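Below is structure-v5.cif, which holds mmCIF, C-alpha atoms and all ligand atoms.
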data_entry
loop_
_atom_site.label_atom_id
_atom_site.label_comp_id
_atom_site.auth_asym_id
_atom_site.auth_seq_id
_atom_site.Cartn_x
_atom_site.Cartn_y
_atom_site.Cartn_z
CA MET A 1 -28.55 18.10 16.60
CA THR A 2 -25.44 18.65 14.44
CA SER A 3 -25.98 18.59 10.72
CA PRO A 4 -24.04 15.90 8.81
CA GLN A 5 -20.78 16.87 7.15
CA PRO A 6 -21.48 17.78 3.51
CA TYR A 7 -18.26 16.04 2.49
CA ALA A 8 -17.27 12.59 3.70
CA ILE A 9 -13.81 12.94 2.14
CA GLU A 10 -11.87 16.16 1.54
CA VAL A 11 -8.37 15.92 0.17
CA THR A 12 -6.31 19.03 -0.49
CA ALA A 13 -2.91 19.30 -2.18
CA LEU A 14 -2.01 15.82 -0.96
CA THR A 15 1.44 14.47 -1.72
CA ARG A 16 3.24 11.28 -0.82
CA VAL A 17 6.85 10.55 -1.58
CA PHE A 18 8.31 7.09 -1.00
CA GLY A 19 11.97 7.42 -0.09
CA SER A 20 14.50 5.28 -1.84
CA ARG A 21 15.62 2.16 0.01
CA LYS A 22 18.94 1.95 -1.82
CA ARG A 23 21.29 4.69 -2.99
CA SER A 24 20.81 3.57 -6.58
CA GLU A 25 17.00 3.98 -6.35
CA ALA A 26 15.26 7.31 -6.91
CA ALA A 27 12.48 8.47 -4.56
CA VAL A 28 8.98 7.91 -5.96
CA SER A 29 6.34 10.65 -5.90
CA ALA A 30 3.21 8.51 -5.74
CA LEU A 31 0.88 11.50 -5.15
CA ARG A 32 1.76 14.93 -6.51
CA GLY A 33 -0.85 17.33 -5.14
CA ILE A 34 -4.23 15.56 -5.22
CA ASP A 35 -7.45 17.54 -4.63
CA LEU A 36 -10.58 15.44 -4.18
CA THR A 37 -13.96 15.93 -2.54
CA VAL A 38 -16.53 13.21 -2.03
CA ARG A 39 -19.99 14.20 -0.85
CA THR A 40 -21.59 12.32 2.01
CA GLY A 41 -23.65 9.43 0.59
CA GLU A 42 -21.94 9.50 -2.80
CA VAL A 43 -20.38 6.58 -4.66
CA HIS A 44 -17.16 8.00 -6.06
CA GLY A 45 -14.91 6.15 -8.49
CA LEU A 46 -11.17 6.60 -8.58
CA LEU A 47 -10.11 5.52 -12.02
CA GLY A 48 -6.53 5.20 -13.14
CA PRO A 49 -3.91 2.94 -14.69
CA ASN A 50 -1.36 0.92 -12.71
CA GLY A 51 0.85 3.11 -10.58
CA ALA A 52 -1.51 6.12 -10.71
CA GLY A 53 -1.47 6.39 -6.91
CA LYS A 54 -4.93 4.98 -6.11
CA THR A 55 -3.81 2.51 -3.45
CA THR A 56 -1.54 5.10 -1.85
CA LEU A 57 -4.49 7.49 -1.54
CA CYS A 58 -6.71 4.74 -0.09
CA LYS A 59 -4.05 3.88 2.47
CA ILE A 60 -3.70 7.51 3.54
CA LEU A 61 -7.48 7.88 3.90
CA SER A 62 -7.64 4.75 6.03
CA THR A 63 -4.78 6.03 8.26
CA VAL A 64 -2.43 3.20 7.28
CA LEU A 65 0.01 5.63 5.68
CA LEU A 66 0.88 9.25 6.44
CA PRO A 67 0.90 11.92 3.73
CA SER A 68 4.13 13.79 2.96
CA SER A 69 2.23 17.09 2.72
CA GLY A 70 -1.29 18.40 2.22
CA THR A 71 -4.38 17.32 4.13
CA ALA A 72 -6.96 14.55 4.01
CA ARG A 73 -10.15 14.62 6.10
CA VAL A 74 -12.74 11.92 6.67
CA CYS A 75 -16.07 13.21 7.96
CA GLY A 76 -14.25 16.36 9.03
CA HIS A 77 -11.42 14.58 10.90
CA ASP A 78 -7.82 14.96 9.75
CA VAL A 79 -6.32 11.53 9.04
CA ALA A 80 -2.84 12.58 10.15
CA THR A 81 -3.70 14.39 13.38
CA SER A 82 -6.89 12.53 14.43
CA PRO A 83 -6.46 8.92 13.25
CA ARG A 84 -8.40 7.62 16.26
CA ALA A 85 -11.45 9.58 15.18
CA VAL A 86 -11.10 8.41 11.58
CA LYS A 87 -10.57 4.67 12.16
CA PRO A 88 -14.07 3.76 13.34
CA LEU A 89 -15.64 5.76 10.52
CA ILE A 90 -13.87 4.01 7.71
CA GLY A 91 -13.82 0.47 6.33
CA ILE A 92 -11.35 -0.68 3.71
CA VAL A 93 -11.53 -3.63 1.37
CA PHE A 94 -8.58 -4.64 -0.78
CA GLY A 95 -9.01 -6.96 -3.74
CA GLY A 96 -7.16 -10.27 -3.96
CA ASP A 97 -6.00 -12.38 -1.06
CA ARG A 98 -4.50 -9.69 1.15
CA GLY A 99 -5.74 -9.48 4.71
CA LEU A 100 -7.61 -12.75 5.19
CA TYR A 101 -6.41 -15.56 7.42
CA GLY A 102 -6.68 -18.78 5.43
CA ARG A 103 -6.20 -21.24 8.28
CA ILE A 104 -9.24 -20.11 10.19
CA THR A 105 -12.93 -19.85 9.32
CA PRO A 106 -14.86 -16.83 8.00
CA ARG A 107 -16.60 -16.56 11.37
CA GLN A 108 -13.22 -16.41 13.11
CA ASN A 109 -11.86 -13.90 10.57
CA LEU A 110 -14.83 -11.60 11.17
CA GLY A 111 -14.53 -12.15 14.91
CA LEU A 112 -10.89 -11.08 14.92
CA TRP A 113 -11.59 -8.02 12.82
CA GLY A 114 -14.62 -7.07 14.94
CA ALA A 115 -12.53 -7.37 18.11
CA LEU A 116 -10.07 -4.87 16.61
CA TYR A 117 -12.97 -2.44 16.40
CA GLY A 118 -13.98 -3.06 20.00
CA LEU A 119 -16.91 -5.40 19.32
CA HIS A 120 -17.31 -8.42 21.57
CA GLY A 121 -19.76 -10.88 23.09
CA ARG A 122 -23.30 -10.95 21.75
CA ALA A 123 -22.92 -7.78 19.66
CA LEU A 124 -19.97 -9.32 17.81
CA ALA A 125 -21.75 -12.67 17.32
CA ARG A 126 -24.85 -10.90 15.98
CA ARG A 127 -22.85 -8.72 13.60
CA THR A 128 -20.85 -11.73 12.36
CA ASP A 129 -24.03 -13.75 11.72
CA GLU A 130 -25.67 -10.85 9.87
CA LEU A 131 -22.66 -10.39 7.60
CA LEU A 132 -22.21 -14.10 6.91
CA GLU A 133 -25.87 -14.22 5.91
CA ARG A 134 -25.69 -11.07 3.81
CA PHE A 135 -22.72 -12.33 1.83
CA GLY A 136 -24.00 -15.87 1.35
CA LEU A 137 -21.34 -17.44 3.57
CA SER A 138 -23.51 -18.87 6.38
CA GLU A 139 -23.28 -22.45 5.17
CA ARG A 140 -19.48 -22.31 5.02
CA ALA A 141 -19.12 -20.16 8.15
CA ASP A 142 -17.12 -22.82 9.99
CA ASP A 143 -14.92 -24.10 7.15
CA ARG A 144 -11.32 -23.01 6.62
CA VAL A 145 -11.00 -20.01 4.31
CA ASP A 146 -8.05 -21.38 2.34
CA GLY A 147 -10.35 -23.87 0.57
CA PHE A 148 -12.65 -21.09 -0.66
CA SER A 149 -13.07 -19.94 -4.24
CA ARG A 150 -11.83 -16.51 -5.22
CA GLY A 151 -15.40 -15.15 -5.32
CA MET A 152 -16.10 -16.41 -1.79
CA LYS A 153 -12.90 -14.83 -0.50
CA GLN A 154 -13.91 -11.60 -2.16
CA ARG A 155 -17.30 -11.71 -0.43
CA LEU A 156 -15.58 -12.35 2.88
CA HIS A 157 -13.38 -9.30 2.25
CA LEU A 158 -16.48 -7.19 1.74
CA ALA A 159 -18.06 -8.58 4.91
CA ARG A 160 -14.87 -7.75 6.79
CA GLY A 161 -14.97 -4.17 5.51
CA LEU A 162 -18.45 -3.78 6.98
CA VAL A 163 -17.78 -5.29 10.43
CA SER A 164 -17.42 -1.89 12.08
CA ASP A 165 -20.55 -0.54 10.31
CA PRO A 166 -18.43 2.25 8.74
CA LYS A 167 -19.89 5.46 7.36
CA VAL A 168 -17.26 5.51 4.63
CA LEU A 169 -16.21 2.40 2.75
CA ILE A 170 -13.10 2.29 0.58
CA LEU A 171 -13.02 -0.51 -1.96
CA ASP A 172 -9.64 -0.91 -3.63
CA GLU A 173 -10.17 -2.86 -6.85
CA PRO A 174 -12.88 -5.01 -5.35
CA THR A 175 -13.78 -6.79 -8.59
CA ALA A 176 -10.23 -7.73 -9.60
CA GLY A 177 -10.43 -11.38 -10.63
CA MET A 178 -14.19 -11.69 -10.10
CA ASP A 179 -16.23 -13.59 -12.67
CA PRO A 180 -18.97 -11.61 -14.47
CA LEU A 181 -21.78 -12.85 -12.20
CA ALA A 182 -19.86 -11.89 -9.07
CA ALA A 183 -19.06 -8.51 -10.63
CA TYR A 184 -22.78 -8.02 -11.32
CA GLU A 185 -23.63 -8.91 -7.71
CA PHE A 186 -20.97 -6.46 -6.60
CA ARG A 187 -22.75 -3.65 -8.44
CA THR A 188 -25.98 -4.53 -6.63
CA LEU A 189 -24.11 -4.44 -3.35
CA VAL A 190 -22.72 -0.97 -4.04
CA HIS A 191 -26.24 0.28 -4.75
CA GLU A 192 -27.36 -1.21 -1.41
CA LEU A 193 -24.48 0.44 0.44
CA ARG A 194 -25.47 3.79 -0.98
CA ALA A 195 -29.12 3.18 -0.07
CA GLU A 196 -27.92 2.59 3.51
CA GLY A 197 -26.45 6.12 3.44
CA ARG A 198 -22.81 5.08 3.28
CA THR A 199 -20.22 6.92 1.25
CA VAL A 200 -18.21 4.66 -1.04
CA LEU A 201 -14.86 5.36 -2.68
CA VAL A 202 -14.10 2.62 -5.19
CA THR A 203 -10.92 2.28 -7.23
CA THR A 204 -10.98 0.56 -10.57
CA HIS A 205 -9.29 0.25 -13.94
CA ASP A 206 -12.64 -0.42 -15.53
CA LEU A 207 -14.56 2.48 -17.04
CA ALA A 208 -17.72 0.39 -17.56
CA GLU A 209 -17.76 -0.54 -13.88
CA ALA A 210 -17.28 3.09 -12.90
CA GLU A 211 -20.11 4.14 -15.18
CA ALA A 212 -22.40 1.48 -13.71
CA VAL A 213 -21.96 2.28 -10.02
CA CYS A 214 -20.53 5.76 -9.52
CA ASP A 215 -22.19 9.15 -9.03
CA GLN A 216 -18.88 10.89 -9.65
CA VAL A 217 -15.59 9.73 -11.06
CA THR A 218 -12.10 11.14 -10.67
CA LEU A 219 -9.46 10.18 -13.21
CA VAL A 220 -5.95 9.98 -11.80
CA ASP A 221 -2.64 9.41 -13.48
CA ARG A 222 0.88 9.56 -12.14
CA GLY A 223 -0.24 11.04 -8.85
CA THR A 224 -2.34 13.87 -10.26
CA VAL A 225 -6.04 14.38 -10.96
CA LEU A 226 -6.77 14.66 -14.66
CA ALA A 227 -10.49 15.26 -14.44
CA THR A 228 -13.43 14.82 -12.12
CA GLY A 229 -17.10 14.74 -13.01
CA ARG A 230 -20.21 12.66 -13.56
CA PRO A 231 -19.37 9.39 -15.32
CA ASP A 232 -21.72 10.09 -18.24
CA VAL A 233 -20.06 13.48 -18.78
CA LEU A 234 -16.58 11.93 -18.65
CA ALA A 235 -17.67 9.07 -20.91
CA ARG A 236 -18.96 11.58 -23.46
CA GLN A 237 -15.63 13.35 -23.34
CA MET A 238 -13.86 10.05 -23.75
CA SER A 239 -15.98 9.26 -26.79
CA ALA A 240 -14.07 12.11 -28.40
CA TYR A 241 -11.16 9.66 -28.55
CA GLU A 242 -13.00 6.90 -30.37
CA ARG A 243 -11.66 5.23 -33.50
CA VAL A 244 -13.57 3.98 -36.51
CA GLU A 245 -12.05 1.03 -38.34
CA ALA A 246 -13.23 -0.08 -41.77
CA SER A 247 -12.14 -2.04 -44.80
CA GLY A 248 -12.98 -1.69 -48.49
CA VAL A 249 -12.77 2.11 -48.38
CA SER A 250 -11.77 3.87 -51.62
CA ALA A 251 -9.00 6.46 -51.66
CA ALA A 252 -11.55 9.18 -52.57
CA VAL A 253 -13.78 8.39 -49.56
CA ALA A 254 -10.75 8.23 -47.28
CA ASP A 255 -9.59 11.66 -48.51
CA ASP A 256 -13.07 13.01 -47.92
CA LEU A 257 -13.03 11.74 -44.29
CA ARG A 258 -9.58 13.17 -43.71
CA GLN A 259 -10.97 16.64 -44.42
CA LEU A 260 -13.64 16.42 -41.69
CA ALA A 261 -13.11 18.88 -38.82
CA GLY A 262 -13.41 16.25 -36.05
CA VAL A 263 -10.98 13.76 -37.58
CA ARG A 264 -7.60 13.76 -35.87
CA SER A 265 -5.90 11.32 -38.24
CA LEU A 266 -6.61 8.60 -40.80
CA ASP A 267 -4.19 5.74 -41.31
CA ARG A 268 -4.30 2.99 -43.86
CA THR A 269 -2.86 -0.38 -42.81
CA ALA A 270 -0.95 -2.75 -45.09
CA ASP A 271 -4.02 -4.98 -45.50
CA GLY A 272 -6.10 -2.07 -46.83
CA ARG A 273 -8.05 -1.29 -43.65
CA ILE A 274 -8.41 2.28 -42.48
CA SER A 275 -8.32 3.52 -38.90
CA VAL A 276 -9.87 6.92 -38.31
CA GLU A 277 -8.97 8.63 -35.04
CA ILE A 278 -11.73 10.97 -33.90
CA SER A 279 -11.09 14.17 -31.93
CA ALA A 280 -14.62 15.50 -31.29
CA ALA A 281 -17.50 13.70 -29.57
CA ASP A 282 -20.07 14.04 -32.36
CA THR A 283 -17.81 13.13 -35.29
CA THR A 284 -18.11 9.33 -34.98
CA GLY A 285 -21.70 9.39 -36.32
CA GLU A 286 -20.67 11.59 -39.22
CA VAL A 287 -17.80 9.26 -40.19
CA LEU A 288 -20.00 6.15 -39.91
CA GLY A 289 -22.73 7.85 -41.98
CA ARG A 290 -20.32 8.71 -44.79
CA LEU A 291 -18.86 5.19 -44.84
CA VAL A 292 -22.32 3.60 -44.98
CA ALA A 293 -23.39 6.04 -47.72
CA ALA A 294 -20.30 4.96 -49.70
CA GLY A 295 -21.42 1.33 -49.47
CA VAL A 296 -18.86 0.24 -46.84
CA THR A 297 -20.25 -2.65 -44.80
CA SER A 298 -17.21 -3.78 -42.80
CA LEU A 299 -16.82 -1.19 -40.06
CA ALA A 300 -16.50 -0.97 -36.32
CA THR A 301 -16.25 1.66 -33.63
CA VAL A 302 -13.44 1.13 -31.15
CA ARG A 303 -13.52 2.90 -27.82
CA PRO A 304 -9.94 3.35 -26.69
CA GLY A 305 -8.66 1.69 -23.57
CA LEU A 306 -8.12 3.84 -20.52
CA ALA A 307 -4.38 4.01 -21.10
CA GLU A 308 -4.98 5.55 -24.51
CA VAL A 309 -7.53 8.00 -23.14
CA TYR A 310 -5.08 9.06 -20.48
CA ARG A 311 -2.41 9.60 -23.07
CA HIS A 312 -4.73 11.89 -25.00
CA MET A 313 -5.85 13.64 -21.84
CA VAL A 314 -2.33 14.28 -20.73
CA GLN A 315 -1.57 15.70 -24.18
CA ASP A 316 -4.70 17.86 -24.08
CA ARG A 317 -4.30 19.06 -20.48
CA GLY A 318 -6.67 21.85 -19.61
CA MET A 319 -9.83 19.83 -20.29
CA GLN A 320 -10.64 19.63 -16.57
CA VAL A 321 -14.30 18.80 -15.96
CA SER A 322 -15.95 20.47 -13.02
CA ARG A 323 -19.07 19.45 -11.09
N1 LIG A 401 5.92 1.27 -0.32
C1 LIG A 401 6.31 1.81 -1.48
N2 LIG A 401 7.61 2.09 -1.70
C2 LIG A 401 8.03 2.66 -2.86
N3 LIG A 401 7.21 2.97 -3.89
C3 LIG A 401 5.89 2.70 -3.73
C4 LIG A 401 5.37 2.10 -2.53
N4 LIG A 401 4.02 1.95 -2.68
C5 LIG A 401 3.71 2.45 -3.91
N5 LIG A 401 4.82 2.89 -4.54
C6 LIG A 401 4.90 3.50 -5.89
O1 LIG A 401 3.99 4.59 -5.92
C7 LIG A 401 3.33 4.66 -7.17
C8 LIG A 401 1.82 4.59 -6.98
O2 LIG A 401 1.48 3.28 -6.55
P1 LIG A 401 -0.01 2.85 -6.13
O3 LIG A 401 0.06 1.43 -5.67
O4 LIG A 401 -0.59 3.85 -5.20
O5 LIG A 401 -0.75 2.94 -7.55
P2 LIG A 401 -2.15 2.31 -7.99
O6 LIG A 401 -2.83 3.37 -8.78
O7 LIG A 401 -2.88 1.76 -6.82
O8 LIG A 401 -1.69 1.16 -8.96
P3 LIG A 401 -2.31 -0.34 -9.13
O9 LIG A 401 -3.55 -0.14 -9.91
O10 LIG A 401 -1.23 -1.05 -9.87
O11 LIG A 401 -2.54 -0.89 -7.76
C9 LIG A 401 3.89 3.53 -8.03
O12 LIG A 401 4.95 4.06 -8.80
C10 LIG A 401 4.43 2.57 -6.97
O13 LIG A 401 5.51 1.82 -7.50
#
Target format structure tokens, applied to this file:
Amino acid sequence: MTSPQPYAIEVTALTRVFGSRKRSEAAVSALRGIDLTVRTGEVHGLLGPNGAGKTTLCKILSTVLLPSSGTARVCGHDVATSPRAVKPLIGIVFGGDRGLYGRITPRQNLGLWGALYGLHGRALARRTDELLERFGLSERADDRVDGFSRGMKQRLHLARGLVSDPKVLILDEPTAGMDPLAAYEFRTLVHELRAEGRTVLVTTHDLAEAEAVCDQVTLVDRGTVLATGRPDVLARQMSAYERVEASGVSAAVADDLRQLAGVRSLDRTADGRISVEISAADTTGEVLGRLVAAGVTSLATVRPGLAEVYRHMVQDRGMQVSR
């Protein structure tokens, strides 16, 4: 018996350039030398702002798009030279409305997709029924999809991604536009997929979602990898970019805080509030402690948005996290 591949996804020095369509347009380097490994059975988050290159990478992995240079392998098969070996191993789910046929029913959508993967007859009917049941769509199985709510369409997308029983599932912003309950159910689903032994690559803008479901997270920005590591390790690093905001702080206390080693900057706003930008993970507690000791009661800790974290990370390049 052959032993399973240790890595479900191996990406090395991957680039993708989109040529310009008009003379006036510059070519776009969507991926600029991505290295990424995802262990078999792992849930791996790809986290990055708009335009980071996440969708481009997902498309290359699912053989929809060719790389410009570098290599990408799925379960040991090169996506560019062996797409036929890759296709049955991989399922892809895009968020939003892309890829569903609204004028037909969920059963027919799944039937069409299953047929593309070579399923037919009883096997296809059984698989379709199982998935409709799993995603709570059995009662609406024969209604037209275009009358469905966003959450139902999203569940149908997920069902579609599983039609071929793929070993590797790519979820491109699967919770975009989901309400909180649906997003919670999604997290449960990802845990189930992992328990079934599948490898999941999930793209998101949402750090909390990545922390909740992922074993490993890779941060990407402008086509490059900024850092990769366990989400709790990355989150701890990100906490080094927290801000503390407070009002009613005397000039003497503010000066005292400014002197602390882990304080990057301290600004006072026109309305008398202060904003303290932290530059070391354990400084937030120290700043809060000093403010409380000085009798300040109006204070808050603000975790920066991803865009801000990226900005800091890009400035502080070299803080690569390894496994
Ligand atoms: N077909 C295309 N032609 C030209 N440029 C493209 C094409 N597809 C993507 N790009 C560009 O490549 C870059 C990366 O886009 P991509 O969609 O991969 O990013 P993303 O991280 O998925 O962003 P988002 O979160 O907004 O979906 C962007 O600058 C985008 O404009």
Revision key, fill the gap. re CA of Gly151 in chain A and CA of Val190 in chain A: distance 16.0 Å
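Each residue with an atom within 8 Å of any atom of ligand LIG 401 (chain A) appears in the list, which was built counting only C-alpha atoms and all ligand atoms: A:Val17, A:Phe18, A:Gly19, A:Ser20, A:Ala27, A:Val28, A:Ser29, A:Ala30, A:Leu31, A:Gly48, A:Pro49, A:Asn50, A:Gly51, A:Ala52, A:Gly53, A:Lys54, A:Thr55, A:Thr56, A:Leu57, A:Asp172, A:Glu173, A:Thr204, A:His205, A:Val220, A:Asp221, A:Arg222, A:Gly223.
Checking A:Ala280, A:Glu196, A:Ile34, A:Gly99 one by one against Lys167 in chain A, counting only C-alpha atoms, you find the shortest gap at A:Glu196.
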Exercise for review: Please identify all polymer residues within 7 Å of range 109-114 of chain A, counting only C-alpha atoms, omitting same-chain residues fewer than 3 positions from it, and present them as an NGL selection string.
Suggested key: :A and (100-101 or 104-106 or 117-119 or 124 or 128 or 160 or 163-164)
Check your understanding: Do you know which residues are at most 10 Å from Leu158 in chain A counting only C-alpha atoms, after dropping those on the same chain fewer than 2 positions away, and could you put them as a PyMOL selection string?
Key -> chain A and resi 91-95+131+135+152-156+160-163+169+171+174+186+189
Check your understanding: Within 12 Å of Leu89 in chain A, counting all atoms listed in the file, which residues qualify if same-chain residues fewer than 4 places away don't, as a count of residues only?
Key -> 29
Check your understanding: Do you have the CA of Val217 in chain A-CA of Pro231 in chain A distance handy?
Key -> 5.7 Å
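Comparing the minimum interatomic distances between Glu42 in chain A and each of A:Ala293, A:Leu219, A:Ala195, A:Leu257, counting only C-alpha atoms, we find that A:Ala195 sits nearest.
Rounded to one decimal, CA of Ser138 in chain A and CA of Gly121 in chain A lie 18.9 Å from each other.
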